[in-house]
$ cat work08.cif   # mmCIF, C-alpha atoms and all ligand atoms
data_run
loop_
_atom_site.group_PDB
_atom_site.id
_atom_site.type_symbol
_atom_site.label_atom_id
_atom_site.label_comp_id
_atom_site.auth_asym_id
_atom_site.auth_seq_id
_atom_site.Cartn_x
_atom_site.Cartn_y
_atom_site.Cartn_z
ATOM 1 C CA MET A 1 78.202 163.874 -6.344
ATOM 2 C CA ASP A 2 74.672 164.302 -4.913
ATOM 3 C CA SER A 3 74.392 168.033 -5.504
ATOM 4 C CA CYS A 4 75.577 167.574 -9.107
ATOM 5 C CA LEU A 5 72.775 167.342 -11.666
ATOM 6 C CA LEU A 6 73.176 166.250 -15.291
ATOM 7 C CA PHE A 7 70.760 167.456 -17.957
ATOM 8 C CA SER A 8 70.843 166.558 -21.636
ATOM 9 C CA GLY A 9 69.685 168.399 -24.727
ATOM 10 C CA ASN A 10 68.464 166.394 -27.712
ATOM 11 C CA SER A 11 71.610 166.547 -29.848
ATOM 12 C CA ASN A 12 73.507 163.576 -28.404
ATOM 13 C CA ILE A 13 71.392 161.737 -25.856
ATOM 14 C CA GLU A 14 73.376 158.507 -26.234
ATOM 15 C CA LEU A 15 76.582 160.232 -25.117
ATOM 16 C CA SER A 16 74.750 161.958 -22.236
ATOM 17 C CA LYS A 17 73.420 158.575 -21.070
ATOM 18 C CA LYS A 18 76.908 157.071 -21.204
ATOM 19 C CA ILE A 19 78.329 159.966 -19.170
ATOM 20 C CA ALA A 20 75.539 159.573 -16.602
ATOM 21 C CA LYS A 21 76.162 155.816 -16.416
ATOM 22 C CA TYR A 22 79.885 156.372 -15.919
ATOM 23 C CA LEU A 23 79.114 158.765 -13.042
ATOM 24 C CA ASN A 24 76.552 156.365 -11.643
ATOM 25 C CA LYS A 25 73.807 158.973 -11.971
ATOM 26 C CA GLU A 26 70.483 159.390 -13.765
ATOM 27 C CA LEU A 27 69.923 162.216 -16.235
ATOM 28 C CA SER A 28 67.732 164.828 -14.568
ATOM 29 C CA SER A 29 64.271 165.461 -15.881
ATOM 30 C CA ILE A 30 63.754 168.123 -18.533
ATOM 31 C CA ASN A 31 60.986 168.616 -21.068
ATOM 32 C CA ILE A 32 62.065 170.144 -24.375
ATOM 33 C CA TYR A 33 59.164 170.586 -26.746
ATOM 34 C CA ARG A 34 58.087 172.592 -29.759
ATOM 35 C CA PHE A 35 55.190 174.964 -30.287
ATOM 36 C CA LYS A 36 53.246 174.390 -33.518
ATOM 37 C CA ASP A 37 55.269 177.112 -35.240
ATOM 38 C CA SER A 38 58.516 175.264 -34.253
ATOM 39 C CA GLU A 39 59.529 177.594 -31.417
ATOM 40 C CA ILE A 40 61.451 175.676 -28.736
ATOM 41 C CA CYS A 41 60.137 175.575 -25.191
ATOM 42 C CA VAL A 42 61.915 174.065 -22.185
ATOM 43 C CA LYS A 43 60.721 173.092 -18.732
ATOM 44 C CA ILE A 44 63.113 171.921 -16.028
ATOM 45 C CA GLU A 45 61.117 169.248 -14.248
ATOM 46 C CA GLU A 46 62.909 169.261 -10.897
ATOM 47 C CA ASN A 47 64.186 171.649 -8.262
ATOM 48 C CA ILE A 48 67.755 172.810 -9.005
ATOM 49 C CA ARG A 49 68.046 175.637 -6.475
ATOM 50 C CA GLY A 50 71.628 175.769 -5.137
ATOM 51 C CA LYS A 51 72.730 172.770 -7.247
ATOM 52 C CA ASP A 52 75.805 172.309 -9.477
ATOM 53 C CA VAL A 53 74.199 171.818 -12.867
ATOM 54 C CA PHE A 54 75.676 170.403 -16.093
ATOM 55 C CA ILE A 55 73.845 170.625 -19.416
ATOM 56 C CA ILE A 56 75.247 168.372 -22.152
ATOM 57 C CA GLN A 57 74.647 169.435 -25.742
ATOM 58 C CA SER A 58 76.769 169.238 -28.896
ATOM 59 C CA THR A 59 76.044 171.998 -31.381
ATOM 60 C CA CYS A 60 76.239 169.606 -34.315
ATOM 61 C CA MET A 61 73.781 169.216 -37.207
ATOM 62 C CA PRO A 62 71.112 170.602 -37.212
ATOM 63 C CA VAL A 63 73.472 173.250 -35.824
ATOM 64 C CA ASN A 64 71.060 176.143 -35.353
ATOM 65 C CA GLU A 65 68.346 173.979 -33.774
ATOM 66 C CA ASN A 66 70.807 172.448 -31.318
ATOM 67 C CA LEU A 67 72.410 175.771 -30.487
ATOM 68 C CA MET A 68 69.050 177.450 -29.897
ATOM 69 C CA GLU A 69 67.924 174.514 -27.763
ATOM 70 C CA LEU A 70 71.063 174.913 -25.638
ATOM 71 C CA LEU A 71 70.587 178.670 -25.252
ATOM 72 C CA ILE A 72 66.953 178.337 -24.225
ATOM 73 C CA THR A 73 67.798 175.525 -21.802
ATOM 74 C CA LEU A 74 70.533 177.668 -20.231
ATOM 75 C CA ASP A 75 68.014 180.456 -19.775
ATOM 76 C CA ALA A 76 65.524 178.085 -18.151
ATOM 77 C CA LEU A 77 68.236 176.730 -15.833
ATOM 78 C CA ARG A 78 69.589 180.167 -14.880
ATOM 79 C CA ARG A 79 66.124 181.378 -13.867
ATOM 80 C CA ALA A 80 65.758 178.407 -11.489
ATOM 81 C CA SER A 81 68.622 179.575 -9.195
ATOM 82 C CA PRO A 82 71.273 176.845 -9.421
ATOM 83 C CA ARG A 83 74.674 177.413 -7.786
ATOM 84 C CA ARG A 84 76.542 177.069 -11.097
ATOM 85 C CA ILE A 85 75.781 176.027 -14.661
ATOM 86 C CA THR A 86 78.395 174.274 -16.814
ATOM 87 C CA ALA A 87 77.623 173.944 -20.514
ATOM 88 C CA VAL A 88 79.193 170.662 -21.613
ATOM 89 C CA ILE A 89 79.625 171.079 -25.371
ATOM 90 C CA PRO A 90 81.461 167.988 -26.696
ATOM 91 C CA TYR A 91 81.387 169.484 -30.222
ATOM 92 C CA TYR A 92 81.416 173.279 -30.447
ATOM 93 C CA GLY A 93 79.843 174.218 -33.791
ATOM 94 C CA TYR A 94 80.666 177.453 -35.648
ATOM 95 C CA ALA A 95 84.256 177.124 -34.368
ATOM 96 C CA ARG A 96 85.695 177.388 -37.876
ATOM 97 C CA GLN A 97 84.434 180.980 -38.119
ATOM 98 C CA ASP A 98 87.022 182.153 -35.624
ATOM 99 C CA ARG A 99 88.613 185.152 -37.405
ATOM 100 C CA LYS A 100 88.093 187.694 -40.155
ATOM 101 C CA ASP A 101 89.952 185.924 -42.961
ATOM 102 C CA GLN A 102 88.324 188.138 -45.591
ATOM 103 C CA PRO A 103 86.600 191.528 -45.492
ATOM 104 C CA ARG A 104 83.059 191.901 -44.136
ATOM 105 C CA VAL A 105 82.660 188.439 -42.564
ATOM 106 C CA PRO A 106 81.500 187.633 -39.004
ATOM 107 C CA ILE A 107 83.446 185.957 -36.206
ATOM 108 C CA THR A 108 80.638 183.588 -35.361
ATOM 109 C CA ALA A 109 82.666 181.519 -32.881
ATOM 110 C CA LYS A 110 82.866 184.657 -30.735
ATOM 111 C CA LEU A 111 79.194 185.487 -31.244
ATOM 112 C CA VAL A 112 78.267 181.977 -30.028
ATOM 113 C CA ALA A 113 80.536 182.428 -26.980
ATOM 114 C CA ASN A 114 78.737 185.681 -26.135
ATOM 115 C CA LEU A 115 75.341 184.037 -26.586
ATOM 116 C CA LEU A 116 76.238 181.135 -24.271
ATOM 117 C CA VAL A 117 77.382 183.458 -21.503
ATOM 118 C CA THR A 118 74.390 185.778 -21.909
ATOM 119 C CA ALA A 119 72.046 182.795 -21.786
ATOM 120 C CA GLY A 120 73.468 181.691 -18.436
ATOM 121 C CA ALA A 121 76.568 179.493 -18.741
ATOM 122 C CA ASN A 122 79.033 180.026 -15.867
ATOM 123 C CA ARG A 123 81.562 177.569 -17.208
ATOM 124 C CA ILE A 124 82.273 175.648 -20.434
ATOM 125 C CA LEU A 125 83.551 172.092 -20.838
ATOM 126 C CA THR A 126 84.455 171.117 -24.385
ATOM 127 C CA ILE A 127 86.756 168.915 -26.472
ATOM 128 C CA ASP A 128 89.202 169.777 -29.264
ATOM 129 C CA LEU A 129 88.058 173.245 -30.256
ATOM 130 C CA HIS A 130 88.908 173.910 -33.898
ATOM 131 C CA ALA A 131 91.339 176.550 -32.618
ATOM 132 C CA PRO A 132 92.356 176.424 -28.929
ATOM 133 C CA GLN A 133 92.379 180.241 -28.843
ATOM 134 C CA ILE A 134 88.558 180.160 -28.919
ATOM 135 C CA GLN A 135 88.864 179.651 -25.151
ATOM 136 C CA GLY A 136 89.781 183.343 -25.039
ATOM 137 C CA PHE A 137 86.423 184.291 -26.586
ATOM 138 C CA PHE A 138 84.935 183.501 -23.165
ATOM 139 C CA ASP A 139 85.397 185.561 -19.998
ATOM 140 C CA ILE A 140 84.278 182.561 -17.954
ATOM 141 C CA PRO A 141 86.384 179.438 -17.227
ATOM 142 C CA VAL A 142 86.754 176.978 -20.105
ATOM 143 C CA ASP A 143 87.967 173.426 -19.579
ATOM 144 C CA HIS A 144 89.336 172.354 -22.940
ATOM 145 C CA LEU A 145 89.912 168.608 -23.187
ATOM 146 C CA PHE A 146 91.675 166.615 -25.897
ATOM 147 C CA ALA A 147 90.359 163.353 -27.327
ATOM 148 C CA ALA A 148 93.971 162.313 -28.016
ATOM 149 C CA PRO A 149 94.289 159.982 -24.974
ATOM 150 C CA VAL A 150 91.185 158.055 -26.107
ATOM 151 C CA ILE A 151 92.361 157.744 -29.722
ATOM 152 C CA ILE A 152 96.008 156.996 -28.860
ATOM 153 C CA LYS A 153 94.951 154.182 -26.517
ATOM 154 C CA TYR A 154 93.134 152.570 -29.450
ATOM 155 C CA LEU A 155 96.018 153.153 -31.892
ATOM 156 C CA LYS A 156 98.562 151.609 -29.501
ATOM 157 C CA GLU A 157 96.658 148.327 -29.612
ATOM 158 C CA LYS A 158 97.491 148.060 -33.319
ATOM 159 C CA ASN A 159 101.231 147.674 -32.610
ATOM 160 C CA PHE A 160 102.303 149.629 -35.667
ATOM 161 C CA LYS A 161 105.811 148.839 -36.949
ATOM 162 C CA LYS A 162 106.721 152.192 -38.490
ATOM 163 C CA PRO A 163 103.990 154.728 -37.718
ATOM 164 C CA VAL A 164 104.048 158.286 -39.008
ATOM 165 C CA ILE A 165 101.511 160.775 -37.672
ATOM 166 C CA VAL A 166 100.360 163.114 -40.402
ATOM 167 C CA ALA A 167 98.935 166.627 -40.090
ATOM 168 C CA PRO A 168 96.727 167.187 -43.160
ATOM 169 C CA ASP A 169 97.301 170.949 -42.921
ATOM 170 C CA VAL A 170 99.308 173.432 -40.875
ATOM 171 C CA GLY A 171 96.390 173.957 -38.470
ATOM 172 C CA SER A 172 96.662 170.337 -37.319
ATOM 173 C CA VAL A 173 100.423 170.265 -36.734
ATOM 174 C CA LYS A 174 100.208 170.816 -32.983
ATOM 175 C CA MET A 175 97.677 168.009 -32.608
ATOM 176 C CA ALA A 176 99.790 165.700 -34.806
ATOM 177 C CA ARG A 177 102.933 166.495 -32.809
ATOM 178 C CA ALA A 178 101.147 165.515 -29.581
ATOM 179 C CA PHE A 179 100.069 162.205 -31.133
ATOM 180 C CA ALA A 180 103.577 161.556 -32.519
ATOM 181 C CA LYS A 181 105.138 162.138 -29.117
ATOM 182 C CA ARG A 182 102.786 159.815 -27.302
ATOM 183 C CA LEU A 183 102.190 156.948 -29.739
ATOM 184 C CA PRO A 184 105.197 157.338 -30.443
ATOM 185 C CA GLY A 185 105.876 157.886 -34.163
ATOM 186 C CA ASP A 186 107.432 160.225 -36.709
ATOM 187 C CA LEU A 187 105.727 163.364 -37.962
ATOM 188 C CA ALA A 188 104.768 164.431 -41.495
ATOM 189 C CA ILE A 189 102.722 167.318 -42.901
ATOM 190 C CA VAL A 190 100.641 167.527 -46.052
ATOM 191 C CA ASP A 191 100.640 170.847 -47.886
ATOM 192 C CA LYS A 192 96.904 171.593 -48.258
ATOM 193 C CA ARG A 193 95.466 174.285 -50.518
ATOM 194 C CA ARG A 194 91.729 174.882 -50.082
ATOM 195 C CA GLU A 195 90.224 176.000 -53.375
ATOM 196 C CA SER A 196 86.668 176.279 -51.968
ATOM 197 C CA PRO A 197 84.832 175.028 -48.822
ATOM 198 C CA GLU A 198 84.193 171.764 -50.724
ATOM 199 C CA LYS A 199 87.433 171.374 -52.687
ATOM 200 C CA VAL A 200 90.974 170.878 -51.456
ATOM 201 C CA GLU A 201 94.171 170.133 -53.347
ATOM 202 C CA MET A 202 97.119 168.291 -51.816
ATOM 203 C CA VAL A 203 100.316 167.427 -53.582
ATOM 204 C CA HIS A 204 103.378 167.867 -51.392
ATOM 205 C CA VAL A 205 104.173 165.760 -48.368
ATOM 206 C CA ILE A 206 106.733 167.188 -45.958
ATOM 207 C CA GLY A 207 108.490 164.261 -44.257
ATOM 208 C CA ASP A 208 109.290 160.682 -45.199
ATOM 209 C CA VAL A 209 106.309 158.325 -45.328
ATOM 210 C CA LYS A 210 107.774 155.616 -47.582
ATOM 211 C CA GLY A 211 106.878 152.118 -46.310
ATOM 212 C CA CYS A 212 105.164 153.593 -43.235
ATOM 213 C CA GLU A 213 101.773 153.242 -41.629
ATOM 214 C CA ALA A 214 100.491 156.812 -42.052
ATOM 215 C CA ILE A 215 97.968 158.026 -39.475
ATOM 216 C CA ILE A 216 96.237 161.297 -40.369
ATOM 217 C CA VAL A 217 94.924 163.244 -37.378
ATOM 218 C CA ASP A 218 92.530 166.178 -37.546
ATOM 219 C CA ASP A 219 90.077 167.911 -35.237
ATOM 220 C CA LEU A 220 87.159 167.294 -37.586
ATOM 221 C CA ILE A 221 86.010 165.733 -40.821
ATOM 222 C CA SER A 222 83.346 167.750 -42.607
ATOM 223 C CA THR A 223 83.015 166.971 -46.322
ATOM 224 C CA GLY A 224 85.829 164.405 -46.094
ATOM 225 C CA GLY A 225 87.853 166.179 -48.808
ATOM 226 C CA THR A 226 90.852 166.823 -46.554
ATOM 227 C CA MET A 227 91.108 163.196 -45.323
ATOM 228 C CA VAL A 228 90.611 161.607 -48.737
ATOM 229 C CA GLU A 229 93.040 163.885 -50.572
ATOM 230 C CA ALA A 230 95.640 163.587 -47.802
ATOM 231 C CA ALA A 231 95.379 159.776 -47.990
ATOM 232 C CA ASN A 232 95.913 159.889 -51.781
ATOM 233 C CA ALA A 233 98.941 162.167 -51.419
ATOM 234 C CA LEU A 234 100.456 159.878 -48.771
ATOM 235 C CA LEU A 235 99.951 156.725 -50.846
ATOM 236 C CA ASN A 236 101.445 158.499 -53.894
ATOM 237 C CA ASN A 237 104.455 159.278 -51.717
ATOM 238 C CA GLY A 238 104.963 155.639 -50.777
ATOM 239 C CA ALA A 239 102.960 155.139 -47.548
ATOM 240 C CA GLU A 240 102.083 151.468 -47.090
ATOM 241 C CA VAL A 241 98.683 152.037 -45.528
ATOM 242 C CA VAL A 242 96.717 155.099 -44.335
ATOM 243 C CA TYR A 243 94.451 155.483 -41.313
ATOM 244 C CA GLY A 244 92.324 158.594 -40.596
ATOM 245 C CA CYS A 245 91.516 159.861 -37.084
ATOM 246 C CA CYS A 246 89.402 162.783 -35.981
ATOM 247 C CA THR A 247 87.567 163.920 -32.867
ATOM 248 C CA HIS A 248 84.455 165.409 -34.468
ATOM 249 C CA ALA A 249 82.852 163.463 -37.317
ATOM 250 C CA VAL A 250 80.650 166.179 -38.803
ATOM 251 C CA LEU A 251 80.290 164.092 -41.990
ATOM 252 C CA ALA A 252 78.408 166.624 -44.086
ATOM 253 C CA GLY A 253 76.964 165.987 -47.565
ATOM 254 C CA ASP A 254 78.326 162.843 -49.201
ATOM 255 C CA ALA A 255 81.272 162.527 -46.771
ATOM 256 C CA ILE A 256 80.344 159.000 -45.629
ATOM 257 C CA GLU A 257 80.236 157.699 -49.193
ATOM 258 C CA LYS A 258 83.422 159.542 -50.137
ATOM 259 C CA LEU A 259 85.321 158.186 -47.124
ATOM 260 C CA THR A 260 83.939 154.658 -47.533
ATOM 261 C CA ASN A 261 85.071 154.549 -51.164
ATOM 262 C CA SER A 262 88.452 156.088 -50.362
ATOM 263 C CA LYS A 263 91.822 154.375 -49.991
ATOM 264 C CA LEU A 264 91.788 154.917 -46.208
ATOM 265 C CA LYS A 265 92.017 151.585 -44.384
ATOM 266 C CA GLU A 266 90.078 152.718 -41.319
ATOM 267 C CA ILE A 267 88.539 155.941 -40.045
ATOM 268 C CA ILE A 268 88.648 156.375 -36.287
ATOM 269 C CA ILE A 269 86.262 158.932 -34.815
ATOM 270 C CA THR A 270 84.691 159.724 -31.437
ATOM 271 C CA ASP A 271 81.093 160.099 -30.310
ATOM 272 C CA THR A 272 81.126 163.886 -29.682
ATOM 273 C CA ILE A 273 78.626 163.871 -32.574
ATOM 274 C CA PRO A 274 76.056 161.033 -32.741
ATOM 275 C CA GLN A 275 76.245 158.632 -35.687
ATOM 276 C CA THR A 276 73.876 156.015 -37.012
ATOM 277 C CA ASN A 277 74.643 153.040 -39.246
ATOM 278 C CA LEU A 278 78.146 153.975 -40.277
ATOM 279 C CA PRO A 279 79.914 151.461 -42.553
ATOM 280 C CA SER A 280 82.390 149.070 -40.905
ATOM 281 C CA LYS A 281 85.331 151.176 -42.097
ATOM 282 C CA PHE A 282 84.481 153.600 -39.282
ATOM 283 C CA THR A 283 85.445 152.911 -35.659
ATOM 284 C CA ILE A 284 83.675 155.008 -33.024
ATOM 285 C CA LEU A 285 85.429 155.568 -29.684
ATOM 286 C CA THR A 286 83.582 157.066 -26.752
ATOM 287 C CA VAL A 287 84.622 160.228 -24.915
ATOM 288 C CA SER A 288 82.067 159.569 -22.162
ATOM 289 C CA GLU A 289 84.669 158.560 -19.570
ATOM 290 C CA LEU A 290 86.830 161.564 -20.390
ATOM 291 C CA LEU A 291 83.866 163.926 -19.980
ATOM 292 C CA GLY A 292 82.620 162.026 -16.928
ATOM 293 C CA GLU A 293 85.993 162.429 -15.209
ATOM 294 C CA ALA A 294 86.082 166.134 -16.098
ATOM 295 C CA ILE A 295 82.565 166.673 -14.724
ATOM 296 C CA LYS A 296 83.601 164.893 -11.530
ATOM 297 C CA SER A 297 86.715 167.085 -11.204
ATOM 298 C CA ILE A 298 84.770 170.297 -11.827
ATOM 299 C CA HIS A 299 82.122 169.340 -9.287
ATOM 300 C CA LEU A 300 84.607 168.169 -6.647
ATOM 301 C CA GLU A 301 86.935 171.072 -7.452
ATOM 302 C CA THR A 302 89.944 168.868 -8.142
ATOM 303 C CA THR A 303 92.426 169.308 -10.998
ATOM 304 C CA VAL A 304 91.458 168.273 -14.526
ATOM 305 C CA SER A 305 95.084 168.220 -15.717
ATOM 306 C CA LYS A 306 95.315 164.475 -15.085
ATOM 307 C CA LEU A 307 93.042 164.064 -18.120
ATOM 308 C CA PHE A 308 95.661 165.480 -20.456
ATOM 309 C CA ILE A 309 98.109 162.623 -19.913
HETATM 310 C C1 LIG B 401 90.614 172.526 -41.190
HETATM 311 O O1 LIG B 401 91.233 173.475 -40.749
HETATM 312 C C2 LIG B 401 90.104 171.416 -40.322
HETATM 313 O O2 LIG B 401 91.050 171.021 -39.368
HETATM 314 C C3 LIG B 401 89.691 170.234 -41.155
HETATM 315 O O3 LIG B 401 90.823 169.759 -41.838
HETATM 316 C C4 LIG B 401 88.651 170.591 -42.174
HETATM 317 O O4 LIG B 401 87.686 171.430 -41.628
HETATM 318 C C5 LIG B 401 88.026 169.350 -42.739
HETATM 319 O O5 LIG B 401 87.096 169.716 -43.690
HETATM 320 P P1 LIG B 401 86.719 168.759 -44.888
HETATM 321 O O6 LIG B 401 86.429 167.421 -44.322
HETATM 322 O O7 LIG B 401 85.491 169.422 -45.487
HETATM 323 O O8 LIG B 401 87.869 168.762 -45.847
#

$ encode --input "work08.cif" --output "structure tokens" --more "lines below"
Ligand code: R5P
Amino acid sequence: MDSCLLFSGNSNIELSKKIAKYLNKELSSINIYRFKDSEICVKIEENIRGKDVFIIQSTCMPVNENLMELLITLDALRRASPRRITAVIPYYGYARQDRKDQPRVPITAKLVANLLVTAGANRILTIDLHAPQIQGFFDIPVDHLFAAPVIIKYLKEKNFKKPVIVAPDVGSVKMARAFAKRLPGDLAIVDKRRESPEKVEMVHVIGDVKGCEAIIVDDLISTGGTMVEAANALLNNGAEVVYGCCTHAVLAGDAIEKLTNSKLKEIIITDTIPQTNLPSKFTILTVSELLGEAIKSIHLETTVSKLFI
């Protein structure tokens, strides 16, 4: 792993440090600073000529700052002649803008893909894209990991008696089915209607949840509306207790308060996005080993499929 260098942007330094520790490496030296007018400037502080370089950066809040920092860092890296640059993006922001669902709107997930490639990325490593098809927005290799093995390992320790995995909308059915197969458990779906970006309505539950431990799984929690309303619908339909799981805890606006005051027993998230001082209702699992193994496989050119088990 000597010719493999790990760099970190500022978005999630804790996760980058954990990945480096797992790989028994130090983070390589980079200076990211601001001009007085807030322009970002980057200096790579060591020779990377001919090296296999990984830059770790989630494009989480502040999304535009973190994205711009990643793009500028890629440009700095590319101009220093490495052998290959992999952008490790644990959370890929703008992924929800992945299609024209109304007239005259952008497809920003594709724009971001173009920007990353133009800036210098030769390869992408990411986790639980909002829609797996976003991989096709890139004409470079994309390694798309799932946080499911990390979350399922934790859920198994709870020894549920009658678990039902719940998709809070049709978009999450595939993810829920994978969880249900591996936990194992039954599957249910909540019929979600989104009235606005901040307001969702859920009434119907497809599947039997009576007397069950309901486990909602989703790729992300933003305002928390989906999780909270799904939990209410499940309890109204007879679920005994409701847990919420997601890979990316965006937690925008008053989401933390809303989720803390909700009827959810526990909210299980990962560290693709950094968190500080979350209430005890939240459990944070790390994806550092998953990403560390993937980085190792990419560098050593071995298969990453073992990570999907
Ligand atoms: C929707 O397609 C996603 O999978 C999430 O369910 C959604 O983005 C969560 O948003 P919020 O927390 O604001 O309801």

$ residues_near_ligand --input "work08.cif" --ligand "ligand LIG 401 (chain B)" --cutoff "8 Å" --atoms "only C-alpha atoms and all ligand atoms" --output "CSV table (one decimal) with C-alpha atoms, keeping the file's coordinate frame"
chain,number,residue,atom,x,y,z
A,96,ARG,CA,85.7,177.4,-37.9
A,130,HIS,CA,88.9,173.9,-33.9
A,168,PRO,CA,96.7,167.2,-43.2
A,169,ASP,CA,97.3,170.9,-42.9
A,171,GLY,CA,96.4,174.0,-38.5
A,172,SER,CA,96.7,170.3,-37.3
A,197,PRO,CA,84.8,175.0,-48.8
A,198,GLU,CA,84.2,171.8,-50.7
A,199,LYS,CA,87.4,171.4,-52.7
A,200,VAL,CA,91.0,170.9,-51.5
A,218,ASP,CA,92.5,166.2,-37.5
A,219,ASP,CA,90.1,167.9,-35.2
A,220,LEU,CA,87.2,167.3,-37.6
A,221,ILE,CA,86.0,165.7,-40.8
A,222,SER,CA,83.3,167.8,-42.6
A,223,THR,CA,83.0,167.0,-46.3
A,224,GLY,CA,85.8,164.4,-46.1
A,225,GLY,CA,87.9,166.2,-48.8
A,226,THR,CA,90.9,166.8,-46.6
A,227,MET,CA,91.1,163.2,-45.3
A,251,LEU,CA,80.3,164.1,-42.0
A,252,ALA,CA,78.4,166.6,-44.1
A,255,ALA,CA,81.3,162.5,-46.8

$ residues_around --input "work08.cif" --residues "A:Lys21" --least-positions-apart "4" --cutoff "12 Å" --atoms "only C-alpha atoms" --output "PyMOL selection string"
chain A and resi 6+14-17+25-27+288-289+291-293

$ residues_near_point --input "work08.cif" --point "(97.2, 170.1, -33.8)" --cutoff "12 Å" --atoms "only C-alpha atoms" --output "PyMOL selection string"
chain A and resi 128-132+146-148+165-180+187+189+216-220+246-247

$ write_last_selection --input "work08.cif" --atoms "C-alpha atoms" --output "PDB file, in the coordinates of the input"
ATOM      1  CA  ASP A 128      89.202 169.777 -29.264  1.00  0.00           C
ATOM      2  CA  LEU A 129      88.058 173.245 -30.256  1.00  0.00           C
ATOM      3  CA  HIS A 130      88.908 173.910 -33.898  1.00  0.00           C
ATOM      4  CA  ALA A 131      91.339 176.550 -32.618  1.00  0.00           C
ATOM      5  CA  PRO A 132      92.356 176.424 -28.929  1.00  0.00           C
ATOM      6  CA  PHE A 146      91.675 166.615 -25.897  1.00  0.00           C
ATOM      7  CA  ALA A 147      90.359 163.353 -27.327  1.00  0.00           C
ATOM      8  CA  ALA A 148      93.971 162.313 -28.016  1.00  0.00           C
ATOM      9  CA  ILE A 165     101.511 160.775 -37.672  1.00  0.00           C
ATOM     10  CA  VAL A 166     100.360 163.114 -40.402  1.00  0.00           C
ATOM     11  CA  ALA A 167      98.935 166.627 -40.090  1.00  0.00           C
ATOM     12  CA  PRO A 168      96.727 167.187 -43.160  1.00  0.00           C
ATOM     13  CA  ASP A 169      97.301 170.949 -42.921  1.00  0.00           C
ATOM     14  CA  VAL A 170      99.308 173.432 -40.875  1.00  0.00           C
ATOM     15  CA  GLY A 171      96.390 173.957 -38.470  1.00  0.00           C
ATOM     16  CA  SER A 172      96.662 170.337 -37.319  1.00  0.00           C
ATOM     17  CA  VAL A 173     100.423 170.265 -36.734  1.00  0.00           C
ATOM     18  CA  LYS A 174     100.208 170.816 -32.983  1.00  0.00           C
ATOM     19  CA  MET A 175      97.677 168.009 -32.608  1.00  0.00           C
ATOM     20  CA  ALA A 176      99.790 165.700 -34.806  1.00  0.00           C
ATOM     21  CA  ARG A 177     102.933 166.495 -32.809  1.00  0.00           C
ATOM     22  CA  ALA A 178     101.147 165.515 -29.581  1.00  0.00           C
ATOM     23  CA  PHE A 179     100.069 162.205 -31.133  1.00  0.00           C
ATOM     24  CA  ALA A 180     103.577 161.556 -32.519  1.00  0.00           C
ATOM     25  CA  LEU A 187     105.727 163.364 -37.962  1.00  0.00           C
ATOM     26  CA  ILE A 189     102.722 167.318 -42.901  1.00  0.00           C
ATOM     27  CA  ILE A 216      96.237 161.297 -40.369  1.00  0.00           C
ATOM     28  CA  VAL A 217      94.924 163.244 -37.378  1.00  0.00           C
ATOM     29  CA  ASP A 218      92.530 166.178 -37.546  1.00  0.00           C
ATOM     30  CA  ASP A 219      90.077 167.911 -35.237  1.00  0.00           C
ATOM     31  CA  LEU A 220      87.159 167.294 -37.586  1.00  0.00           C
ATOM     32  CA  CYS A 246      89.402 162.783 -35.981  1.00  0.00           C
ATOM     33  CA  THR A 247      87.567 163.920 -32.867  1.00  0.00           C
TER      34      THR A 247
END

$ residues_around --input "work08.cif" --residues "stretch 109-124 of chain A" --least-positions-apart "5" --cutoff "8 Å" --atoms "all atoms listed in the file" --output "list in words"
Leu71, Ile72, Leu74, Asp75, Leu77, Arg78, Arg84, Ile85, Thr86, Ala87, Val88, Ile89, Gly93, Tyr94, Ala95, Arg96, Gln97, Asp98, Ile134, Phe137, Phe138, Ile140, Pro141, Val142 and Asp143 of chain A

$ resolve_selection --input "work08.cif" --expression "the PyMOL selection byres (((chain A and resi 264-277) around 7) and not hetatm)" --output "ChimeraX atom specification"
/A:12,15,58,60,90-91,231,241-250,262-263,278-279,281-287

$ resolve_selection --input "work08.cif" --expression "the PyMOL selection byres (((chain A and resi 51) around 6) and not hetatm)" --output "JSON, numbers by chain"
{"A": [3, 48, 49, 50, 52, 53, 82, 83]}

$ resolve_selection --input "work08.cif" --expression "the PyMOL selection byres (((chain A and resi 203) around 6) and not hetatm)" --output "PyMOL selection string"
chain A and resi 202+204+233

$ axis_aligned_box --input "work08.cif" --around "stretch 192-203 of chain A" --padding-each-side "5 Å" --output "lines of an AutoDock Vina configuration file"
center_x = 92.3
center_y = 171.9
center_z = -50.9
size_x = 26.1
size_y = 18.9
size_z = 15.3

$ atom_distance --input "work08.cif" --atom1 "atom CA of A:Arg99" --atom2 "atom CA of A:Glu229"
25.4 Å

$ atom_distance --input "work08.cif" --atom1 "atom CA of A:Met68" --atom2 "atom CA of A:Ile107"
17.9 Å

$ closest_residue --input "work08.cif" --among "A:Asn31, A:Thr59, A:Gln102, A:Asn159" --to "A:Glu46" --atoms "only C-alpha atoms"
A:Asn31

$ closest_residue --input "work08.cif" --among "A:Thr73, A:Gln57, A:Asn232, A:Ser280" --to "A:Ile256" --atoms "all atoms listed in the file"
A:Ser280
